[in-house]
$ cat structure-v8.txt   # compact mmCIF, C-alpha atoms and all ligand atoms
# COMPACT_ATOMS: atom_id res chain seq x y z
CA MET A 1 4.84 9.78 -29.04
CA ILE A 2 8.55 9.65 -28.23
CA GLN A 3 7.81 10.43 -24.62
CA GLU A 4 5.24 7.63 -24.37
CA LYS A 5 7.78 5.15 -25.71
CA THR A 6 10.38 6.21 -23.16
CA VAL A 7 7.89 5.81 -20.34
CA GLU A 8 6.87 2.39 -21.61
CA ASN A 9 10.44 1.15 -21.44
CA GLN A 10 10.81 2.09 -17.80
CA GLN A 11 8.58 -0.69 -16.42
CA LEU A 12 6.63 1.75 -14.27
CA ASN A 13 5.19 0.75 -10.98
CA PRO A 14 1.45 0.53 -11.69
CA TRP A 15 0.69 2.22 -8.37
CA LEU A 16 3.11 5.10 -8.77
CA VAL A 17 0.43 7.48 -9.97
CA SER A 18 -3.17 6.84 -9.00
CA VAL A 19 -6.28 8.91 -9.47
CA ALA A 20 -8.13 8.88 -6.15
CA PRO A 21 -11.66 7.55 -5.88
CA MET A 22 -14.09 10.47 -5.90
CA ILE A 23 -17.84 10.12 -5.51
CA ASP A 24 -19.77 11.88 -8.28
CA TRP A 25 -16.55 12.30 -10.26
CA THR A 26 -14.60 9.18 -11.10
CA ASP A 27 -17.39 7.41 -12.95
CA ARG A 28 -16.58 5.40 -16.08
CA HIS A 29 -16.76 8.45 -18.34
CA CYS A 30 -14.32 10.41 -16.22
CA ARG A 31 -12.01 7.41 -15.95
CA TYR A 32 -12.05 6.97 -19.72
CA LEU A 33 -10.92 10.58 -20.03
CA HIS A 34 -8.19 9.97 -17.44
CA ARG A 35 -6.99 6.95 -19.39
CA LEU A 36 -6.64 9.10 -22.48
CA LEU A 37 -4.36 11.36 -20.44
CA SER A 38 -2.14 8.54 -19.22
CA ARG A 39 -1.81 4.85 -20.00
CA HIS A 40 0.00 4.19 -16.74
CA ALA A 41 -1.98 5.74 -13.91
CA ARG A 42 -4.05 3.43 -11.77
CA LEU A 43 -7.70 4.48 -11.81
CA TYR A 44 -10.21 4.02 -9.00
CA THR A 45 -13.98 3.93 -9.25
CA GLU A 46 -16.14 6.10 -7.08
CA MET A 47 -16.85 4.37 -3.80
CA ILE A 48 -19.67 1.89 -4.34
CA THR A 49 -21.37 0.71 -1.18
CA THR A 50 -21.95 -2.97 -0.53
CA GLY A 51 -25.66 -2.16 -0.09
CA ALA A 52 -25.86 -0.62 -3.55
CA LEU A 53 -24.27 -3.69 -5.11
CA LEU A 54 -26.15 -6.33 -3.13
CA HIS A 55 -29.56 -4.72 -3.46
CA GLY A 56 -29.23 -2.49 -6.51
CA ASP A 57 -28.48 -2.56 -10.21
CA VAL A 58 -25.10 -4.31 -10.42
CA ALA A 59 -24.53 -3.62 -14.10
CA ARG A 60 -25.17 0.10 -13.66
CA HIS A 61 -22.54 0.27 -10.91
CA LEU A 62 -19.89 -2.06 -12.29
CA ARG A 63 -19.97 -1.61 -16.07
CA PHE A 64 -16.75 -0.10 -17.40
CA ASN A 65 -14.82 0.27 -20.62
CA ALA A 66 -12.00 -2.19 -21.33
CA GLN A 67 -9.74 0.78 -22.11
CA GLU A 68 -9.80 1.75 -18.43
CA HIS A 69 -7.47 -1.02 -17.22
CA PRO A 70 -5.81 -1.07 -14.74
CA VAL A 71 -8.87 -0.04 -12.77
CA ALA A 72 -9.74 -0.72 -9.15
CA LEU A 73 -13.19 -1.06 -7.68
CA GLN A 74 -13.53 0.84 -4.44
CA LEU A 75 -16.00 -0.60 -1.96
CA GLY A 76 -17.65 1.12 0.97
CA GLY A 77 -18.82 -1.17 3.72
CA SER A 78 -17.83 -2.87 6.92
CA GLU A 79 -19.61 -6.21 7.00
CA PRO A 80 -17.04 -8.90 6.02
CA ALA A 81 -19.55 -11.23 4.32
CA ASP A 82 -20.99 -8.36 2.27
CA LEU A 83 -17.52 -7.14 1.34
CA ALA A 84 -16.54 -10.63 0.22
CA ALA A 85 -19.66 -10.97 -1.94
CA CYS A 86 -19.03 -7.58 -3.55
CA ALA A 87 -15.33 -8.27 -4.07
CA ARG A 88 -16.33 -11.45 -5.89
CA LEU A 89 -18.65 -9.42 -8.11
CA GLY A 90 -15.82 -6.98 -8.82
CA GLU A 91 -13.51 -9.78 -9.86
CA GLN A 92 -16.19 -11.33 -12.06
CA TRP A 93 -16.70 -8.00 -13.80
CA GLY A 94 -12.98 -7.81 -14.58
CA TYR A 95 -11.62 -5.25 -12.12
CA ASP A 96 -7.88 -5.40 -11.43
CA GLU A 97 -8.06 -4.66 -7.74
CA ILE A 98 -10.55 -4.33 -4.90
CA ASN A 99 -10.02 -1.35 -2.65
CA LEU A 100 -11.67 -0.78 0.71
CA ASN A 101 -12.50 2.78 1.63
CA CYS A 102 -11.05 3.64 5.03
CA GLY A 103 -10.11 7.11 3.91
CA CYS A 104 -13.17 9.15 3.11
CA PRO A 105 -14.17 11.47 5.95
CA SER A 106 -17.47 12.81 4.58
CA GLU A 107 -20.46 12.88 6.90
CA ARG A 108 -22.50 10.81 4.49
CA VAL A 109 -19.92 8.05 4.75
CA GLN A 110 -19.66 8.30 8.54
CA ARG A 111 -23.39 7.80 8.93
CA GLY A 112 -22.98 4.51 7.09
CA ALA A 113 -20.17 3.43 9.50
CA PHE A 114 -17.57 3.09 6.77
CA GLY A 115 -14.89 5.24 5.22
CA ALA A 116 -12.32 6.93 7.47
CA CYS A 117 -14.16 6.09 10.68
CA LEU A 118 -13.25 2.44 10.06
CA MET A 119 -9.72 3.35 11.09
CA ALA A 120 -11.04 3.31 14.65
CA GLU A 121 -11.93 -0.36 14.16
CA PRO A 122 -8.81 -2.04 12.79
CA GLN A 123 -9.95 -5.56 13.67
CA LEU A 124 -13.18 -5.10 11.73
CA VAL A 125 -11.15 -3.86 8.75
CA ALA A 126 -8.79 -6.83 9.09
CA ASP A 127 -11.76 -9.21 9.10
CA GLY A 128 -13.16 -7.53 6.00
CA VAL A 129 -9.80 -7.70 4.22
CA LYS A 130 -9.39 -11.35 5.08
CA ALA A 131 -12.91 -12.16 3.87
CA MET A 132 -12.21 -10.38 0.57
CA ARG A 133 -8.81 -12.01 0.13
CA ASP A 134 -10.32 -15.41 0.66
CA ALA A 135 -12.99 -14.60 -1.94
CA VAL A 136 -10.85 -13.24 -4.79
CA SER A 137 -7.45 -13.69 -6.36
CA ILE A 138 -6.90 -10.08 -7.44
CA PRO A 139 -5.11 -7.66 -5.06
CA VAL A 140 -7.12 -6.37 -2.12
CA THR A 141 -5.98 -2.95 -0.95
CA VAL A 142 -6.98 -0.44 1.70
CA LYS A 143 -7.14 3.30 1.29
CA HIS A 144 -6.67 4.95 4.65
CA ARG A 145 -5.58 8.19 6.20
CA ILE A 146 -2.61 8.87 8.45
CA GLY A 147 -4.98 9.72 11.29
CA ILE A 148 -8.59 10.49 12.12
CA ASP A 149 -10.05 13.50 13.90
CA ARG A 150 -7.34 14.73 16.23
CA VAL A 151 -5.50 11.44 16.39
CA GLU A 152 -2.37 11.90 14.33
CA ARG A 153 0.07 9.82 16.32
CA TYR A 154 2.38 7.58 14.35
CA GLU A 155 1.54 4.68 16.68
CA PHE A 156 -2.11 4.92 15.65
CA VAL A 157 -1.50 4.42 11.94
CA ARG A 158 1.28 1.91 12.59
CA ASP A 159 -1.04 -0.27 14.70
CA PHE A 160 -3.84 0.07 12.15
CA VAL A 161 -1.57 -1.02 9.31
CA GLY A 162 -0.11 -3.80 11.45
CA THR A 163 -3.52 -5.25 12.33
CA VAL A 164 -4.78 -5.09 8.76
CA ALA A 165 -1.51 -6.50 7.39
CA GLU A 166 -1.96 -9.53 9.61
CA ALA A 167 -5.14 -10.28 7.65
CA GLY A 168 -3.18 -9.87 4.42
CA ARG A 169 -0.75 -12.56 5.51
CA VAL A 170 -3.40 -15.23 5.77
CA GLY A 171 -4.95 -16.92 2.76
CA ARG A 172 -3.94 -17.13 -0.86
CA SER A 173 -0.52 -15.79 -1.62
CA VAL A 174 -1.45 -14.12 -4.89
CA SER A 175 -3.37 -11.35 -3.17
CA ARG A 176 -1.80 -8.59 -1.19
CA VAL A 177 -2.73 -5.69 0.97
CA TYR A 178 -1.26 -2.62 -0.57
CA LEU A 179 -0.53 0.34 1.70
CA ALA A 180 -0.97 -2.21 4.41
CA ASN A 181 1.50 -4.54 2.80
CA VAL A 182 2.24 -7.82 4.43
CA LEU A 183 4.50 -7.91 7.42
CA GLY A 184 5.57 -11.21 8.84
CA SER A 185 7.14 -12.00 12.14
CA THR A 186 9.74 -14.46 10.98
CA LEU A 187 11.65 -15.14 7.80
CA GLY A 188 12.62 -18.64 8.82
CA PRO A 189 16.25 -19.63 8.54
CA VAL A 190 18.08 -16.50 7.60
CA LEU A 191 21.61 -15.59 6.63
CA THR A 192 22.23 -18.88 4.85
CA GLY A 193 23.75 -18.44 1.39
CA PHE A 194 24.37 -14.82 2.14
CA VAL A 195 25.86 -12.55 -0.56
CA LEU A 196 27.32 -9.23 0.52
CA MET A 197 27.25 -6.52 -2.11
CA ASP A 198 28.72 -3.12 -2.55
CA ARG A 199 26.14 -0.86 -1.10
CA LEU A 200 23.59 0.00 -3.75
CA GLY A 201 21.05 2.76 -3.59
CA LEU A 202 17.37 1.83 -3.69
CA GLU A 203 14.79 3.93 -5.48
CA GLN A 204 11.16 4.71 -4.89
CA VAL A 205 11.14 3.31 -1.39
CA PHE A 206 7.73 3.45 0.25
CA ALA A 207 7.81 3.05 4.01
CA LEU A 208 5.74 4.27 6.90
CA LEU A 209 7.63 6.98 8.75
CA PRO A 210 9.60 7.08 10.92
CA ASP A 211 10.96 3.57 11.30
CA ASP A 212 8.97 0.94 9.44
CA PRO A 213 10.58 -1.38 6.89
CA PRO A 214 9.97 -0.60 3.23
CA ARG A 215 6.70 -1.89 1.86
CA GLN A 216 7.87 -1.42 -1.68
CA PHE A 217 11.14 -0.48 -3.34
CA ARG A 218 12.72 -0.42 -6.75
CA TRP A 219 16.08 -1.97 -7.49
CA ARG A 220 17.73 -2.31 -10.90
CA GLY A 221 14.54 -1.17 -12.58
CA ARG A 222 12.34 -3.75 -10.87
CA VAL A 223 9.65 -3.03 -8.34
CA HIS A 224 9.65 -5.28 -5.27
CA GLN A 225 6.59 -5.59 -3.05
CA VAL A 226 7.65 -6.50 0.46
CA ARG A 227 5.64 -9.39 1.87
CA ARG A 228 7.53 -10.02 5.08
CA ALA A 229 10.07 -8.08 7.06
CA GLU A 230 12.19 -8.24 10.18
CA GLY A 231 13.82 -5.32 11.88
CA PRO A 232 14.99 -2.77 12.52
CA GLU A 233 18.35 -3.64 13.89
CA ARG A 234 19.96 -0.32 14.61
CA ILE A 235 23.65 0.17 14.14
CA GLY A 236 25.00 3.45 15.41
CA GLU A 237 28.29 5.23 15.21
CA GLU A 238 31.10 4.10 17.50
CA TRP A 239 30.18 6.85 19.88
CA TRP A 240 32.61 5.73 22.53
CA ARG A 241 35.52 6.73 20.28
CA ARG A 242 34.37 10.37 20.13
CA GLU A 243 33.44 13.29 22.28
CA ILE A 244 29.75 12.97 22.97
CA GLY A 245 29.02 16.30 21.26
CA ASP A 246 30.61 15.06 18.02
CA VAL A 247 28.46 11.97 17.64
CA SER A 248 26.17 12.42 14.68
CA ILE A 249 22.66 11.05 14.57
CA THR A 250 22.82 10.88 10.78
CA HIS A 251 25.25 7.99 11.02
CA VAL A 252 22.55 5.73 12.38
CA ARG A 253 21.65 2.78 10.16
CA ASP A 254 18.47 0.76 10.54
CA TYR A 255 18.85 -2.70 8.99
CA TYR A 256 15.92 -4.86 7.83
CA ARG A 257 15.63 -8.30 6.32
CA VAL A 258 12.77 -8.39 3.84
CA GLU A 259 11.22 -10.87 1.48
CA ASP A 260 9.53 -9.79 -1.75
CA GLN A 261 6.58 -11.18 -3.70
CA ASP A 262 8.75 -13.75 -5.46
CA GLY A 263 10.50 -14.98 -2.34
CA GLY A 264 13.66 -12.91 -3.01
CA ARG A 265 15.38 -11.99 0.26
CA PHE A 266 17.16 -8.69 0.75
CA TRP A 267 19.23 -7.19 3.50
CA LEU A 268 18.77 -3.45 3.33
CA PHE A 269 19.14 -0.43 5.50
CA ARG A 270 18.12 3.16 5.88
CA ALA A 271 20.99 5.53 6.60
CA GLY A 272 19.96 8.54 8.66
CA LEU A 273 16.61 9.49 10.09
CA TYR A 274 13.61 11.08 8.46
CA GLY A 275 13.11 14.79 8.95
CA ASP A 276 16.74 15.90 8.85
CA PRO A 277 17.09 18.34 5.93
CA ASP A 278 20.92 18.24 6.09
CA ALA A 279 21.17 14.47 5.76
CA PRO A 280 17.92 13.07 4.39
CA ALA A 281 17.27 9.40 5.08
CA LYS A 282 18.39 7.20 2.20
CA TRP A 283 17.83 3.50 1.55
CA TRP A 284 20.55 1.07 0.49
CA LEU A 285 20.78 -2.59 -0.37
CA HIS A 286 23.54 -4.32 1.56
CA GLY A 287 23.12 -7.94 0.54
CA LEU A 288 20.98 -10.85 -0.61
CA PHE A 289 20.35 -14.04 1.28
CA ALA A 290 18.72 -17.39 0.59
C1 LIG B 301 -15.54 15.12 -4.53
C2 LIG B 301 -14.76 14.11 -3.75
C3 LIG B 301 -15.23 12.82 -3.64
C4 LIG B 301 -14.49 11.87 -2.94
N1 LIG B 301 -14.94 10.58 -2.89
C5 LIG B 301 -14.17 9.63 -2.32
C6 LIG B 301 -14.52 8.26 -2.39
O1 LIG B 301 -15.50 7.85 -3.02
N2 LIG B 301 -13.72 7.36 -1.78
C7 LIG B 301 -12.59 7.75 -1.10
O2 LIG B 301 -11.88 6.89 -0.55
N3 LIG B 301 -12.23 9.03 -1.03
C8 LIG B 301 -12.97 9.97 -1.64
N4 LIG B 301 -12.56 11.26 -1.63
C9 LIG B 301 -11.24 11.60 -1.06
C10 LIG B 301 -10.19 11.54 -2.15
O3 LIG B 301 -10.05 10.23 -2.67
C11 LIG B 301 -8.80 11.96 -1.62
O4 LIG B 301 -8.43 11.14 -0.54
C12 LIG B 301 -8.87 13.36 -1.11
O5 LIG B 301 -9.41 14.22 -2.03
C13 LIG B 301 -7.45 13.82 -0.74
O6 LIG B 301 -7.55 14.84 0.16
P1 LIG B 301 -8.29 14.71 1.57
O7 LIG B 301 -8.42 13.25 1.84
O8 LIG B 301 -7.38 15.37 2.53
O9 LIG B 301 -9.60 15.38 1.40
C14 LIG B 301 -13.27 12.23 -2.31
C15 LIG B 301 -12.81 13.53 -2.44
C16 LIG B 301 -13.53 14.46 -3.13
C17 LIG B 301 -12.98 15.86 -3.26
$ encode --input "structure-v8.txt" --output "structure tokens"
Amino acid sequence: MIQEKTVENQQLNPWLVSVAPMIDWTDRHCRYLHRLLSRHARLYTEMITTGALLHGDVARHLRFNAQEHPVALQLGGSEPADLAACARLGEQWGYDEINLNCGCPSERVQRGAFGACLMAEPQLVADGVKAMRDAVSIPVTVKHRIGIDRVERYEFVRDFVGTVAEAGRVGRSVSRVYLANVLGSTLGPVLTGFVLMDRLGLEQVFALLPDDPPRQFRWRGRVHQVRRAEGPERIGEEWWRREIGDVSITHVRDYYRVEDQDGGRFWLFRAGLYGDPDAPAKWWLHGLFA
């Protein structure tokens, strides 16, 4: 009991712990059990195909227990109009989030041209996300992998996220694409009303490696979802003052200007580079601006 109370006071990020969608497992009975184990984890349904919802027994697929909140409905499909119709059903039935499956690699899913193979068609995914965002006011998210088949290049997942995030930027502002959070190209007039702060460490920073801006971070106990970002602007050591062999790569700083879900604007940076065990990359807040 004491532990629960402590956790409650910490204003946990609702996405910090999620139970993955699993066909034949995460049905409403299983999710009810999971909710008894934790009040804070985000729960996902099994993937439900758009075909099953549009032509089948909707109540059988969408019924759930109120205790399960927050619970996300995972959809399997690729046709934007069908996805939009099913997302609308999900919202009507009281789900907290609609999630598109671009992460399941099973053969059954591949035959239906959805799941992980959708990562090869980012524009189709973006169209589906936009159609769903236009249809509902709850968050629309995408579950995807960091690569498919033998393609594990960073550029592949970066471009996928970038294309899908573009769709997240259009439409009603209350929705968001999580994992593919919204990246904008301009923050308008910047550096007006700028407040420099002592450097402050940021916690729970989620960013695509190696050099994307944060998509989410926690500062002073509050979770900030990044909607738009600019950067990086790299500032390195004054290498010309040293012998070339003494210049350290860990002194690199990548600066970003980001805007959160409430319009708050932050100037932050990552010191160091990912993958260096001696000087792990760390995120800092450097200032706020209007
Ligand atoms: C039995 C089972 C069913 C799964 N069903 C789904 C699903 O419905 N939707 C989905 O996005 N992923 C599904 N997955 C994948 C999981 O959500 C999760 O991504 C996976 O287990 C993590 O490891 P892997 O992706 O490397 O297999 C399933 C996994 C398992 C083991």
$ residues_near_ligand --input "structure-v8.txt" --ligand "ligand LIG 301 (chain B)" --cutoff "8 Å" --atoms "all atoms listed in the file" --output "ChimeraX atom specification"
/A:19-25,45-48,74,76,100-105,115,143-145
$ atom_distance --input "structure-v8.txt" --atom1 "CA of Ser137 in chain A" --atom2 "CA of Leu54 in chain A"
20.4 Å
$ closest_residue --input "structure-v8.txt" --among "A:Gly264, A:Gly272, A:Gly221, A:Pro70" --to "Val252 in chain A" --atoms "only C-alpha atoms"
A:Gly272
$ closest_residue --input "structure-v8.txt" --among "A:Glu68, A:Asp57, A:Asp96, A:Glu166" --to "Arg35 in chain A" --atoms "all atoms listed in the file"
A:Glu68
$ closest_residue --input "structure-v8.txt" --among "A:Ala126, A:Cys117, A:Leu83, A:Val226" --to "Thr163 in chain A" --atoms "all atoms listed in the file"
A:Ala126
$ atom_distance --input "structure-v8.txt" --atom1 "CA of Asp254 in chain A" --atom2 "CA of Ala207 in chain A"
12.7 Å
$ atom_distance --input "structure-v8.txt" --atom1 "CA of Arg133 in chain A" --atom2 "CA of Ala72 in chain A"
14.6 Å
$ residues_near_point --input "structure-v8.txt" --point "(9.8, 6.3, 6.3)" --cutoff "10 Å" --atoms "only C-alpha atoms" --output "list in words"
Val205, Phe206, Ala207, Leu208, Leu209, Pro210, Asp211, Asp212, Pro213, Pro214, Arg215, Arg270, Leu273, Tyr274, Gly275, Ala281, Lys282 and Trp283 of chain A
$ residues_near_point --input "structure-v8.txt" --point "(-0.2, 8.1, 12.1)" --cutoff "6 Å" --atoms "only C-alpha atoms" --output "CSV table (one decimal) with C-alpha atoms, in the frame of the given file"
chain,number,residue,atom,x,y,z
A,146,ILE,CA,-2.6,8.9,8.4
A,147,GLY,CA,-5.0,9.7,11.3
A,152,GLU,CA,-2.4,11.9,14.3
A,153,ARG,CA,0.1,9.8,16.3
A,154,TYR,CA,2.4,7.6,14.4
A,155,GLU,CA,1.5,4.7,16.7
A,156,PHE,CA,-2.1,4.9,15.6
A,157,VAL,CA,-1.5,4.4,11.9
$ decode --input "structure-v8.txt" --residues "range 210-233 of chain A" --atoms "N, CA and C atoms" --output "mmCIF file, in the first residue's frame"
data_model
loop_
_atom_site.group_PDB
_atom_site.id
_atom_site.type_symbol
_atom_site.label_atom_id
_atom_site.label_comp_id
_atom_site.auth_asym_id
_atom_site.auth_seq_id
_atom_site.Cartn_x
_atom_site.Cartn_y
_atom_site.Cartn_z
ATOM 1 N N PRO A 210 21.065 8.012 -33.580
ATOM 2 C CA PRO A 210 22.009 8.651 -32.674
ATOM 3 C C PRO A 210 21.809 10.155 -32.498
ATOM 4 N N ASP A 211 21.073 10.832 -33.365
ATOM 5 C CA ASP A 211 21.142 12.291 -33.248
ATOM 6 C C ASP A 211 19.804 12.989 -33.458
ATOM 7 N N ASP A 212 18.718 12.341 -33.100
ATOM 8 C CA ASP A 212 17.421 13.009 -33.213
ATOM 9 C C ASP A 212 17.160 13.857 -31.964
ATOM 10 N N PRO A 213 16.288 14.834 -32.077
ATOM 11 C CA PRO A 213 15.891 15.590 -30.874
ATOM 12 C C PRO A 213 15.044 14.708 -29.967
ATOM 13 N N PRO A 214 14.915 15.058 -28.703
ATOM 14 C CA PRO A 214 14.055 14.263 -27.823
ATOM 15 C C PRO A 214 12.611 14.303 -28.310
ATOM 16 N N ARG A 215 11.923 13.213 -28.159
ATOM 17 C CA ARG A 215 10.493 13.191 -28.468
ATOM 18 C C ARG A 215 9.697 13.343 -27.180
ATOM 19 N N GLN A 216 10.349 13.057 -26.086
ATOM 20 C CA GLN A 216 9.717 13.207 -24.786
ATOM 21 C C GLN A 216 10.810 13.355 -23.741
ATOM 22 N N PHE A 217 10.576 14.194 -22.735
ATOM 23 C CA PHE A 217 11.540 14.273 -21.643
ATOM 24 C C PHE A 217 10.803 14.692 -20.376
ATOM 25 N N ARG A 218 11.468 14.514 -19.273
ATOM 26 C CA ARG A 218 10.862 14.867 -17.996
ATOM 27 C C ARG A 218 11.730 15.926 -17.343
ATOM 28 N N TRP A 219 11.104 16.984 -16.877
ATOM 29 C CA TRP A 219 11.834 18.057 -16.214
ATOM 30 C C TRP A 219 11.014 18.540 -15.025
ATOM 31 N N ARG A 220 11.659 18.623 -13.878
ATOM 32 C CA ARG A 220 10.986 19.011 -12.633
ATOM 33 C C ARG A 220 9.706 18.221 -12.414
ATOM 34 N N GLY A 221 9.788 16.924 -12.646
ATOM 35 C CA GLY A 221 8.671 16.029 -12.362
ATOM 36 C C GLY A 221 7.581 16.026 -13.409
ATOM 37 N N ARG A 222 7.724 16.844 -14.449
ATOM 38 C CA ARG A 222 6.665 16.911 -15.471
ATOM 39 C C ARG A 222 7.134 16.307 -16.770
ATOM 40 N N VAL A 223 6.239 15.566 -17.406
ATOM 41 C CA VAL A 223 6.592 14.944 -18.681
ATOM 42 C C VAL A 223 6.214 15.891 -19.818
ATOM 43 N N HIS A 224 7.152 16.128 -20.705
ATOM 44 C CA HIS A 224 6.905 17.013 -21.856
ATOM 45 C C HIS A 224 6.950 16.193 -23.141
ATOM 46 N N GLN A 225 5.892 16.274 -23.915
ATOM 47 C CA GLN A 225 5.861 15.622 -25.231
ATOM 48 C C GLN A 225 6.307 16.662 -26.254
ATOM 49 N N VAL A 226 7.314 16.324 -27.015
ATOM 50 C CA VAL A 226 7.834 17.299 -27.980
ATOM 51 C C VAL A 226 6.993 17.272 -29.253
ATOM 52 N N ARG A 227 6.451 18.423 -29.593
ATOM 53 C CA ARG A 227 5.635 18.508 -30.810
ATOM 54 C C ARG A 227 6.445 18.993 -32.004
ATOM 55 N N ARG A 228 7.368 19.919 -31.745
ATOM 56 C CA ARG A 228 8.159 20.440 -32.853
ATOM 57 C C ARG A 228 9.589 20.596 -32.380
ATOM 58 N N ALA A 229 10.514 20.488 -33.302
ATOM 59 C CA ALA A 229 11.914 20.607 -32.903
ATOM 60 C C ALA A 229 12.748 21.145 -34.043
ATOM 61 N N GLU A 230 13.811 21.832 -33.683
ATOM 62 C CA GLU A 230 14.801 22.296 -34.652
ATOM 63 C C GLU A 230 16.174 21.921 -34.149
ATOM 64 N N GLY A 231 17.009 21.452 -35.029
ATOM 65 C CA GLY A 231 18.370 21.121 -34.644
ATOM 66 C C GLY A 231 18.806 19.851 -35.349
ATOM 67 N N PRO A 232 19.960 19.333 -35.034
ATOM 68 C CA PRO A 232 20.879 19.858 -34.024
ATOM 69 C C PRO A 232 21.792 20.956 -34.560
ATOM 70 N N GLU A 233 22.241 21.739 -33.611
ATOM 71 C CA GLU A 233 23.299 22.696 -33.881
ATOM 72 C C GLU A 233 24.459 22.192 -33.042
#
